[in-house]
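Scroll down for the structure; my scribbles are underneath it.
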Amino acid sequence: MLQQPILPEHGLFIDGAYVPATSGRMFEKISPVSGSVIAKVHEAGREDVDRAVRAAKAALSGPWGKMTVVERAGLLQDLSRAINDRFDDFLEAEIADTGKPRSLARMVDIPRGGANFATFADMIKNLGAEFFETATPDGGRAINYGVHRPKGVIAVISPWNLPLLLMTWKVGPAMACGNTVVVKPSEITPHTATLLGEVMNAVGIPKGVYNVIHGFGPNSAGEFLTQHPLVDGITFTGETRTGEAIMKQAAVGLRDISFELGGKNAAIVFADADLDKAVAGTMQSAFSNCGQVCLGTERVYVERSVYGEFVSRLKKGAEGLVLGGPDTPGVSMGPLVSEEHRDKVLSYYRLAEEEGATVVTGGGVPQFGDERDGGFFIQPTIWTGLPDTSPIIREEIFGPCCHIRPFDSEEEVIALANDSDYGLCSAIWTENLSRAHRVAPQIEVGLVWVNSWFLRDLRTAFGGSKKSGIGREGGEHSLEFYTERANICVKL
Ligand code: NAD
């Protein structure tokens, strides 16, 4: 067996305790690696969501609300350390949720879970305030200074692709700013959010500060949460269409939103790039986490003189990937997260062929002849030859696949990269410093990497333009969203 059930039944985590859902409904968590049921999860009904939100509201005026910033930051540092102390438990939970290679979760997801609390604990302690001295009409003076108050109860709606990392990316700054949270993790990945409840209790986070409700989106926990009138802000990471639905829900009561949405990201490889680095970086950006990364590359533009060589080197790289479960020796790519998601990605694989793509490699489901055949594996796939209007070039697929197209000039490739409804990120590969600085600001996205991908400093702005998001998180941008500023004016 590739995966052991570690938490056979997930209750909700409300007001510091694991409780069953009063809805009486449960749903199954399926292993992406074997296709078997590995956990049963309580589905929160409207009443459960109401209890969670009310617990979060009450906690705002309890011991949590009375703590000094330094005390709160200290607790979050404890939390960060406690996540690291339980590293192996989080690792098991993460790979049970996603089926990703253990090495990947060990290197990326779990360390970031802890870092998301430590970083914002530091930031909140160092947050200064603006100050202005003002001349008053009577010839006197007033001083103005700003304070940051917590926004209140924050609804955190997170996706399944990097469940712990993306959930704590929101919970960390929200709690650092003194808010309380109700988290609705993806129904596909319930483990890590549930486990985090235990750690919150262990380090003494007051009850009601962190709550978890499980369930689906429409007409389920997600919708009930975003509709709840006591929710003060909604932070969401997921699909653009879901963002549109949540925005309508947030409009009632004028709740603030922060959205991190889909992408259709371009990598641009100039002829003067270090091709070894460009191929290695594109292998990572197209295929890591089985292509289920919002920042992943699905469009690759390569300058014509190196196009042929790049295509054959990326093909070789893709064909060298080792597909398998978290602990398969040498594994470099796990399965897609669910059967439903694999059906979606496969529908694009079929469409690419119908549209006349040249399938450079992949295009289907691998056959292993062992228990992996029960999982949701898919071949890494590269296409060429599609028109720029094809849905393969325009829509987010969220699988291990990319289309490669040649270009002839800087001007042309900037236009190609920008010809998208999305605007999340881009990677530029060139050894020409002037070109890098000239091109990067012209790409209409929230993040540009030059000769790298996925490098993150948590103090920097993160988010997308166009249909890739609303607002920015990261560093002071997170603090901006998770707080209400007030100006205090004192007449002297
Ligand atoms: P999704 O939109 O299907 O679901 C995300 C979450 O929203 C889940 O918890 C789901 O239950 C909930 N939800 C769905 N409908 C809802 C509704 N009407 N009201 C309230 N909640 C609702 O996304 P997914 O399939 O879990 O994740 C993949 C998507 O996330 C991709 O589009 C990817 O690009 C995007 N993503 C973006 C970023 C980013 O930072 N920009 C990061 C990771 C993933």
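Chain identifiers are assigned as A, B, and so on, following the order in which chains appear in the structure tokens; residues are numbered from 1 within each chain, and ligands are numbered from 1 in order of appearance.
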Please, which residues have at least one atom within 6 Å of an atom of ligand 1, using only C-alpha atoms and all ligand atoms, listed as a PyMOL selection string? chain A and resi 157-160+184-187+216-218+222-223+226+237-239+242+245-246+260-263+293-294
Let's see if you can do this: from backbone DSSP, list all helix (DSSP H, G or I) residues in region 238-298 of chain A, as a PyMOL selection string. chain A and resi 240-251+275-291
If we count only C-alpha atoms and set the cut-off at 7 Å, which residues sit around Met26 (chain A), ignoring sequence neighbours fewer than 3 positions away in its own chain? Please answer as a list in words.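 Neighbouring residues, sequence-local ones excluded: Lys40, Val41, His42 and Glu43 of chain A.
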Using only C-alpha atoms, can you tell me which of A:Gly65, A:Gly11, A:Pro380, A:Gly208 comes closest to His191 (chain A)?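 So, comparing all the options, the nearest one is A:Gly11.
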Across A:Cys402, A:Leu336, A:Ala271, A:Ile470, the smallest distance to Arg435 (chain A), with only C-alpha atoms counted, is shown by A:Ala271
Enter the distance from CA of Ser23 (chain A) to CA of Ala44 (chain A), in Å, rounded to one decimal.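 Between these atoms lies a distance of 6.2 Å.
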Within 10 Å of region 82-104 of chain A, which residues of region 291-374 of chain A come that close, and what is the closest atom pair and distance in Å for each? Count only C-alpha atoms and give it as CSV.
```
residue,atom,partner,partner_atom,distance
A:Leu323,CA,A:Pro101,CA,9.3
A:Gly324,CA,A:Pro101,CA,7.8
A:Gly325,CA,A:Gly99,CA,6.3
A:Pro326,CA,A:Pro101,CA,3.9
A:Asp327,CA,A:Arg102,CA,6.3
A:Thr328,CA,A:Pro101,CA,8.1
A:Pro329,CA,A:Pro101,CA,9.9
A:Gly330,CA,A:Pro101,CA,9.4
A:Val331,CA,A:Pro101,CA,6.5
A:Ser332,CA,A:Pro101,CA,6.8
A:Met333,CA,A:Pro101,CA,6.6
A:Gly334,CA,A:Lys100,CA,4.8
A:Pro335,CA,A:Gly99,CA,6.4
A:Leu336,CA,A:Thr98,CA,7.9
A:Val337,CA,A:Thr98,CA,5.6
A:Ser338,CA,A:Thr98,CA,8.7
```
Calculate how many Å separate CA of Cys290 (chain A) from CA of Pro400 (chain A), rounding to one decimal.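 About the pair CA of Cys290 (chain A) and CA of Pro400 (chain A): they are 5.0 Å apart.
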Show me, as an NGL selection string, the residues that have an atom within 12 Å of Asn265 (chain A) when counting only C-alpha atoms, minus same-chain residues fewer than 3 positions from it. :A and (262 or 268 or 282 or 285-286 or 291 or 293-301 or 393-398 or 401-403 or 416-428 or 443-449 or 453 or 464-465 or 468)
Applying 10 Å and only C-alpha atoms, which residues near His148 (chain A) remain after dropping the ones on its own chain fewer than 3 positions away? List them as a ChimeraX atom specification. /A:127-129,151,177-178,479-480,482-487
Write down as a list in words the residues of region 283-357 of chain A whose backbone DSSP state falls under strand (DSSP E or B). Thr297, Glu298, Arg299, Val300, Tyr301, Val302, Glu303, Leu323 and Met333 of chain A
Atoms kept (N, CA and C atoms) for selection, written as an mmCIF file, in the first residue's frame:
```cif
data_model
loop_
_atom_site.group_PDB
_atom_site.id
_atom_site.type_symbol
_atom_site.label_atom_id
_atom_site.label_comp_id
_atom_site.auth_asym_id
_atom_site.auth_seq_id
_atom_site.Cartn_x
_atom_site.Cartn_y
_atom_site.Cartn_z
ATOM 1 N N THR A 297 4.007 27.256 -15.700
ATOM 2 C CA THR A 297 4.112 27.711 -17.087
ATOM 3 C C THR A 297 3.297 26.790 -17.984
ATOM 4 N N GLU A 298 2.355 27.345 -18.715
ATOM 5 C CA GLU A 298 1.641 26.530 -19.710
ATOM 6 C C GLU A 298 1.880 27.045 -21.131
ATOM 7 N N ARG A 299 2.488 28.252 -21.241
ATOM 8 C CA ARG A 299 2.844 28.782 -22.567
ATOM 9 C C ARG A 299 4.348 29.046 -22.550
ATOM 10 N N VAL A 300 5.046 28.482 -23.524
ATOM 11 C CA VAL A 300 6.485 28.732 -23.604
ATOM 12 C C VAL A 300 6.773 29.353 -24.964
ATOM 13 N N TYR A 301 7.427 30.494 -24.960
ATOM 14 C CA TYR A 301 7.815 31.178 -26.203
ATOM 15 C C TYR A 301 9.336 31.146 -26.285
ATOM 16 N N VAL A 302 9.837 30.615 -27.397
ATOM 17 C CA VAL A 302 11.282 30.432 -27.530
ATOM 18 C C VAL A 302 11.756 31.110 -28.817
ATOM 19 N N GLU A 303 12.837 31.897 -28.705
ATOM 20 C CA GLU A 303 13.358 32.592 -29.889
ATOM 21 C C GLU A 303 13.767 31.550 -30.943
ATOM 22 N N LEU A 323 7.353 9.037 -12.589
ATOM 23 C CA LEU A 323 6.024 9.210 -12.008
ATOM 24 C C LEU A 323 5.811 8.168 -10.916
ATOM 25 N N MET A 333 7.457 13.219 -10.114
ATOM 26 C CA MET A 333 6.120 13.778 -10.349
ATOM 27 C C MET A 333 5.051 12.834 -9.801
#
```
Extract, using only C-alpha atoms, all DNA, RNA and protein residues at most 8 Å from Val365 (chain A), discarding same-chain residues fewer than 5 positions from it, and format them as a list in words.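 The residues satisfying every condition are Phe377, Ile378 and Gln379 of chain A.
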